[in-house]
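Enquirer: Pasting a structure below so you can have a look.
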Amino acid sequence: MDRCSTGRRWPLILPAALVVALCAMRAEAAEPAELVLTGGRLYAGNGDEAATALAVRGGKLVYVGSEAGVRAYIGARTRLVSAGGHRVIPGLVDAHIHPLDIADLDVCDLQSRALDLRALSEFVAGCVQHYRPAPGAMLRVHQWNPSANQPGPGYPTLRAALDAAAPLNPVELLGNDAHHSAFNSAALAQARDGRGRVVGYSKATLAGAFADFRGLVAVDENGEPNGSVNEDARYAIDPHGMLYNELPAVLRAPEKVPERLNRAGITCAMDAMAMPDGLPVYDKLLRSGRMSVRMTLAQFYDPSHSRKADGRVDYDGLVAKARAVRARYAGNPLLRADFIKLFADGVVEGNPYAVPPTLGNAAMLEPFLQPIFARDADGRATVTGYVDTASAACAEVRAHPAQYAAKAAIAAFRAGHGFHPGQCQVSNGRLQHEREIELEYVRRMHLAGFNLHIHVIGDRALRTALDAIEAARAADGNDATHDSLAHVQLAQDEDVARIGRDRLYVAYTYSWADIDPDYDLTVVPFVQRVSGNSIAAMHGPGSYYDAHAYPVRASRDAGAILVAGSDAPVGTRDPQPFVNMAMAVTRSLPGMPPLNARQAISIRAALDAYTINGARMLGRNTEIGSLEVGKSADFVVLDRDILALADAGHAEDIAATQVLETWFRGRRVYQASAPH
């Protein structure tokens with residue numbers, strides 16, 4: 001009996017489905033491929049590491065296997081490409097990135113260097129000379145590292161350093177974490193209150209018009225703003241204080257966005273905070289045909305700032321906006337908008353160089369500690385003790401704050417107690433929105449069919465996010481949504497178990513899970529008691545931070561699905577996927593010990609986070625994420641074998657991996673300048 005149009009007879013005992021598959025394979029082989037790649041060491045992503053060749057037709061893979069097997073797909077017009085023995089992996093998926101802020105632009109850029117205030121001031125002064133902003137025009141300085149700004153003679157605060165650098169221009173330092181900014185006096189004077197009036201940030205307005213921002217605007221020892229302004233408090237000065245700072249320039253050359261992604265081997269990504277202002281960039285890219293990446297938009301709206309006349313949150317209006325954007329791109333093969341972004345809290349970093357030290361604002365289950373800092377011989381902050389916030393002295397300060405606000409009263413208190421009265425503050429941070437708003441917003445968006453993507457840093461924020469997701473799933477009976485968490489810097493064990501039980505996707509930025517002495521000074525002394533500033537002091541046996549920071553392996557073992565998010569431009573505009581993979585395996589910077597090595601994962605788990613798991617989270621696993629027949633021909637050729645490096649105990653060398661070629665839908669969209 002003839003079972004195929006080829007004339008071949010198949011045994012009757014074969015199942016019908018298998019016959020169909022075999023016939024399909026023969027049909028594919030009967031038609032030459034448009035592209036054949038040979039000489040590769042393929043990581044297919046489905047357990048197959050033996051394949052060395054692939055064939056592409058119509059932008060899709062029609063064969064993945066051996067050199068001998070691929071010959072059947074070579075015809076007179078087939079383009080032959082050799083991988084030259086290099087490792088070939090599926091196109092990478094960055095599941096948490098801010099694409100419109102990673103383009104290469106000519107701007108004043110600190111590139112995340114750790115500078116003391118004198119060097120910082122000199123750098124900004126150089127930018128003023130180079131870019132020559134008109135008098136009164138704002139100078140924005142990108143990629144400022146807030147972790148290491150030691151004061152010195154003549155530069156006691158960020159404000160003073162920036163005033164010296166730019167006496168004629170407002171200046172904003174844009175934190176490389178997208179949560180901190182710093183301003184000089186001219187910029188601080190531009191702050192507008194809730195009625196749009198220019199009243200400026202000052203000791204007086206922080207007690208009046210801007211009372212809600214106390215704790216977000218850092219102050220000096222006399223209570224005046226010291227230049228550091230964080231989170232929502234930035235928007236009183238700069239409405240784009242987080243992202244989209246150079247949007248007009250990006251709109252003029254939108255192709256720079258996919259070019260940057262492709263150079264890193266990324267062929268699919270999620271814009272983790274897509275605002276309406278950015279949509280024209282994507283529209284222009286789609287019209288131009290230069291959209292060489294699949295993109296999912298996690299739409300961002302601020303429920304706390306979306307109020308009706310009666311003060312209630314306009315949930316219906318927000319859902320309607322989100323639905324309209326989703327419908328705008330429905331059916332588009334390259335762009336979707338079916339995720340919603342929500343912040344559960346801010347960031348955990350404090351400032352040990354401020355007087356009083358600034359606390360983080362991440363939502364924590366326990367209050368932040370109040371370390372007492374001195375300076376060591378190198379000028380670095382070092383912990384000499386802790387404030388007893390339950391003492392009678394602190395109780396008195398909290399009961400009568402006005403009596404400890406004047407300069408003389410502050411000086412007298414410091415002389416008598418050895419610390420600033422501002423350190424009597426008791427704070428466990430803050431949720432980004434009231435808990436009721438967080439839960440209701442998640443519920444409404446879930447009912448509208450959206451997946452949630454929630455930024456969580458502190459353990460209380462994580463618990464709130466889990467409560468919100470679980471309540472939303474109970475409300476609509478849908479536990480199959482691709483809800484996800486970003487960052488998860490600090491987590492209690494019971495909440496890690498919940499992440500797994502809920503089968504949530506977790507977008508870790510693996511390069512953050514390390515020991516970094518400058519950074520650690522901004523976090524560790526505020527969440528556990530330490531003495532000094534050494535690595536041993538902050539990361540010794542029994543370290544609370546080490547045990548709860550970035551629980552990657554624990555969350556995976558509990559059932560969570562690991563994905564990868566660079567969060568670029570946070571830290572660096574480079575998405576640096578191979579740095580992230582290396583540190584997922586090592587949990588360490590070069591020359592440093594690891595941060596809780598028990599939370600490390602294998603290179604294959606890290607690579608899966610960047611490929612098939614990311615594809616699953618974005619609902620694209622049937623088309624991308626692995627090198628399998630029928631999927632899009634998205635693949636990357638590397639200059640080294642990252643699997644072999646890890647297997648040989650040299651995972652740290654993965655960080656230096658360079659992309660030689662990136663292919664998207666069977667078309668080469670990036671090639672390194674020196675062909676292999």
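Chain labels run A, B, ... following the order of the structure tokens; each chain numbers its residues from 1, and ligands are numbered from 1 in the order shown.
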Residues of segment 87-126 of chain A in strand (DSSP E) according to DSSP, as a short mmCIF file (atom, residue, chain, number, x, y, z; two decimals) with C-alpha atoms, in the first residue's frame?

Expert:
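To be explicit, this is the file written out as states.cif:
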data_model
loop_
_atom_site.label_atom_id
_atom_site.label_comp_id
_atom_site.auth_asym_id
_atom_site.auth_seq_id
_atom_site.Cartn_x
_atom_site.Cartn_y
_atom_site.Cartn_z
CA ARG A 87 29.88 26.80 19.39
CA VAL A 88 26.42 27.62 18.00
CA ILE A 89 23.53 28.38 20.36
CA PRO A 90 19.90 29.47 19.92
CA LEU A 92 19.21 34.66 23.22
CA VAL A 93 16.14 35.94 25.05
CA ASP A 94 16.62 38.87 27.43
CA ALA A 95 13.47 38.77 29.55
CA HIS A 96 14.04 42.05 31.40
CA ILE A 97 15.72 44.91 29.58
#

Enquirer: With a distance cut-off of 12 Å and only C-alpha atoms, select the neighbouring residues of Gln403 of chain A, excluding the residue or stretch itself and same-chain residues fewer than 5 positions from it, and output the selection as a ChimeraX atom specification.

Expert: /A:396-398,408-410,412-413,421-422

Enquirer: Find, counting only C-alpha atoms, the residue in A:Gly331, A:Gly200, A:Gly649, A:Pro401 that gets nearest to Ala582 of chain A.

Expert: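 Closest to Ala582 of chain A of all the choices is A:Gly649.
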
Enquirer: What lies within 9 Å of Ile457 of chain A using only C-alpha atoms, ignoring chain neighbours under 4 positions off, as an MDAnalysis selection string?

Expert: chainID A and resid 344:348 362:364 461:462 486:491

Enquirer: Using only C-alpha atoms, which residue out of A:Asp314, A:Asp283, A:Asp567, A:Asp574 lies closest to Asp302 of chain A?

Expert: A:Asp314

Enquirer: Quick one: of A:His455, A:Arg604, A:Arg460, A:His446, who's nearest to Asn428 of chain A, counting only C-alpha atoms?

Expert: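 When distances to Asn428 of chain A are compared using only C-alpha atoms, the smallest one comes from A:Arg460.
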
Enquirer: With only C-alpha atoms as the counted atoms, please give the residues lying no more than 10 Å from Asp479 of chain A, apart from itself and same-chain residues fewer than 2 positions off, as a PyMOL selection string.

Expert: chain A and resi 469-470+472-474+476-477+481-483+502-504

Enquirer: Print the selection's residues with C-alpha atoms to a file, as a compact mmCIF listing (two decimals), in the first residue's frame.

Expert:
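Final output, again11.txt:
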# COMPACT_ATOMS: atom_id res chain seq x y z
CA ILE A 469 -0.51 37.11 42.11
CA GLU A 470 -2.11 34.34 44.14
CA ALA A 472 -5.50 37.41 41.17
CA ARG A 473 -5.24 33.79 40.07
CA ALA A 474 -7.90 32.86 42.59
CA ASP A 476 -10.03 34.52 37.62
CA GLY A 477 -9.31 30.83 38.14
CA THR A 481 -0.54 32.83 33.15
CA HIS A 482 3.12 33.59 32.65
CA ASP A 483 3.43 35.81 35.70
CA ASP A 502 3.19 29.12 41.98
CA ARG A 503 5.48 28.13 39.07
CA LEU A 504 6.53 31.73 38.56

Enquirer: Measuring atom to atom with only C-alpha atoms, identify which of A:His433, A:Arg598, A:Arg77, A:His86 is nearest to Ala53 of chain A.

Expert: A:His86

Enquirer: Which neighbours of segment 555-563 of chain A fall inside 7 Å, counting only C-alpha atoms, when residues of the same chain fewer than 5 positions from it are skipped, and could you give them as a compact mmCIF listing (two decimals) with C-alpha atoms, in the first residue's frame?

Expert:
# COMPACT_ATOMS: atom_id res chain seq x y z
CA ALA A 95 13.47 38.77 29.55
CA VAL A 496 11.05 31.07 47.89
CA ALA A 497 8.90 27.98 48.35
CA ILE A 499 7.62 31.18 44.11
CA GLY A 500 8.17 27.56 43.17
CA ARG A 501 4.71 26.40 44.16
CA ARG A 503 5.48 28.13 39.07
CA LEU A 504 6.53 31.73 38.56
CA TYR A 505 9.15 32.87 36.11
CA VAL A 506 12.01 34.72 37.81
CA ALA A 507 14.18 37.13 35.82
CA TYR A 508 17.42 37.29 37.75
CA ALA A 609 17.36 30.59 31.17
CA TYR A 610 18.57 32.72 28.28
CA ASN A 613 12.87 29.32 29.38
CA GLY A 614 12.77 32.92 28.22

Enquirer: Distance table requested - segment 511-630 of chain A against segment 144-147 of chain A, cut-off 12 Å, only C-alpha atoms: one row per qualifying residue with the closest atom pair and its distance in Å to one decimal, ordered by chain and rising residue number, as JSON lines.

Expert:
{"residue": "A:Asp516", "atom": "CA", "partner": "A:Ser147", "partner_atom": "CA", "distance": 10.2}
{"residue": "A:Pro517", "atom": "CA", "partner": "A:Ser147", "partner_atom": "CA", "distance": 9.7}
{"residue": "A:Asp518", "atom": "CA", "partner": "A:Ser147", "partner_atom": "CA", "distance": 6.1}
{"residue": "A:Tyr519", "atom": "CA", "partner": "A:Ser147", "partner_atom": "CA", "distance": 5.4}
{"residue": "A:Asp520", "atom": "CA", "partner": "A:Ser147", "partner_atom": "CA", "distance": 8.6}
{"residue": "A:Leu521", "atom": "CA", "partner": "A:Ser147", "partner_atom": "CA", "distance": 8.0}
{"residue": "A:Thr522", "atom": "CA", "partner": "A:Ser147", "partner_atom": "CA", "distance": 6.5}
{"residue": "A:Val523", "atom": "CA", "partner": "A:Ser147", "partner_atom": "CA", "distance": 9.7}
{"residue": "A:Pro569", "atom": "CA", "partner": "A:Trp144", "partner_atom": "CA", "distance": 11.1}
{"residue": "A:Val570", "atom": "CA", "partner": "A:Asn145", "partner_atom": "CA", "distance": 9.9}
{"residue": "A:Gly571", "atom": "CA", "partner": "A:Asn145", "partner_atom": "CA", "distance": 7.9}
{"residue": "A:Thr572", "atom": "CA", "partner": "A:Trp144", "partner_atom": "CA", "distance": 10.1}

Enquirer: Which residues are close to Val257 of chain A, i.e. within 7 Å by only C-alpha atoms, leaving aside same-chain residues fewer than 5 positions away? Reply as a VMD selection string.

Expert: chain A and resid 99 to 100 102 to 103

Enquirer: Write a file of the selected residues as a PDB file, in the first residue's frame, keeping C-alpha atoms.

Expert:
ATOM      1  CA  PRO A  99      15.885  48.552  25.022  1.00  0.00           C
ATOM      2  CA  LEU A 100      15.240  52.201  24.239  1.00  0.00           C
ATOM      3  CA  ILE A 102      20.792  50.976  25.456  1.00  0.00           C
ATOM      4  CA  ALA A 103      21.508  52.605  22.093  1.00  0.00           C
TER       5      ALA A 103
END

Enquirer: Which residue is closest to Ala269 of chain A? Choose from A:Arg294, A:Arg414, A:Arg197, A:Arg79 and count only C-alpha atoms.

Expert: A:Arg294

Enquirer: Restricting the calculation to only C-alpha atoms: of A:Pro280, A:Ala204, A:Ala415, A:Asn262, which residue gets closest to Pro248 of chain A?

Expert: A:Pro280

Enquirer: Please indicate the distance in Å from atom CA of Thr622 of chain A to atom CA of Asn332 of chain A, rounded to one decimal place.

Expert: 15.9 Å

Enquirer: So how far away is atom CA of Thr586 of chain A from atom CA of His548 of chain A, in Å?

Expert: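 That distance, rounded to one decimal, is 17.1 Å.
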
Enquirer: Just list as an NGL selection string whatever in segment 171-236 of chain A DSSP marks as helix (DSSP H, G or I).

Expert: :A and (185-188 or 203-206 or 211-213 or 231-236)

Enquirer: With C-alpha atoms retained, export the selected residues as a PDB file, in the first residue's frame.

Expert:
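The resulting file, again-v6.pdb, is reproduced below:
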ATOM      1  CA  SER A 185      21.485  73.471  43.570  1.00  0.00           C
ATOM      2  CA  ALA A 186      20.201  74.922  40.298  1.00  0.00           C
ATOM      3  CA  ALA A 187      18.320  71.696  39.548  1.00  0.00           C
ATOM      4  CA  LEU A 188      17.021  71.224  43.104  1.00  0.00           C
ATOM      5  CA  LYS A 203      14.612  71.777  54.386  1.00  0.00           C
ATOM      6  CA  ALA A 204      11.426  73.842  54.546  1.00  0.00           C
ATOM      7  CA  THR A 205       9.639  72.229  51.599  1.00  0.00           C
ATOM      8  CA  LEU A 206      10.599  68.737  52.781  1.00  0.00           C
ATOM      9  CA  ALA A 211       6.691  65.875  53.157  1.00  0.00           C
ATOM     10  CA  ASP A 212       5.720  62.652  51.376  1.00  0.00           C
ATOM     11  CA  PHE A 213       9.206  62.518  49.850  1.00  0.00           C
ATOM     12  CA  GLU A 231      12.533  57.131  43.120  1.00  0.00           C
ATOM     13  CA  ASP A 232       9.374  59.197  42.567  1.00  0.00           C
ATOM     14  CA  ALA A 233      10.906  62.283  44.174  1.00  0.00           C
ATOM     15  CA  ARG A 234      12.991  62.754  41.025  1.00  0.00           C
ATOM     16  CA  TYR A 235       9.941  63.486  38.921  1.00  0.00           C
ATOM     17  CA  ALA A 236       9.352  66.811  40.648  1.00  0.00           C
TER      18      ALA A 236
END

Enquirer: Can you work out the spacing between atom CA of Arg287 of chain A and atom CA of Pro575 of chain A in Å, to one decimal?

Expert: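 Separating atom CA of Arg287 of chain A from atom CA of Pro575 of chain A is a distance of 25.3 Å.
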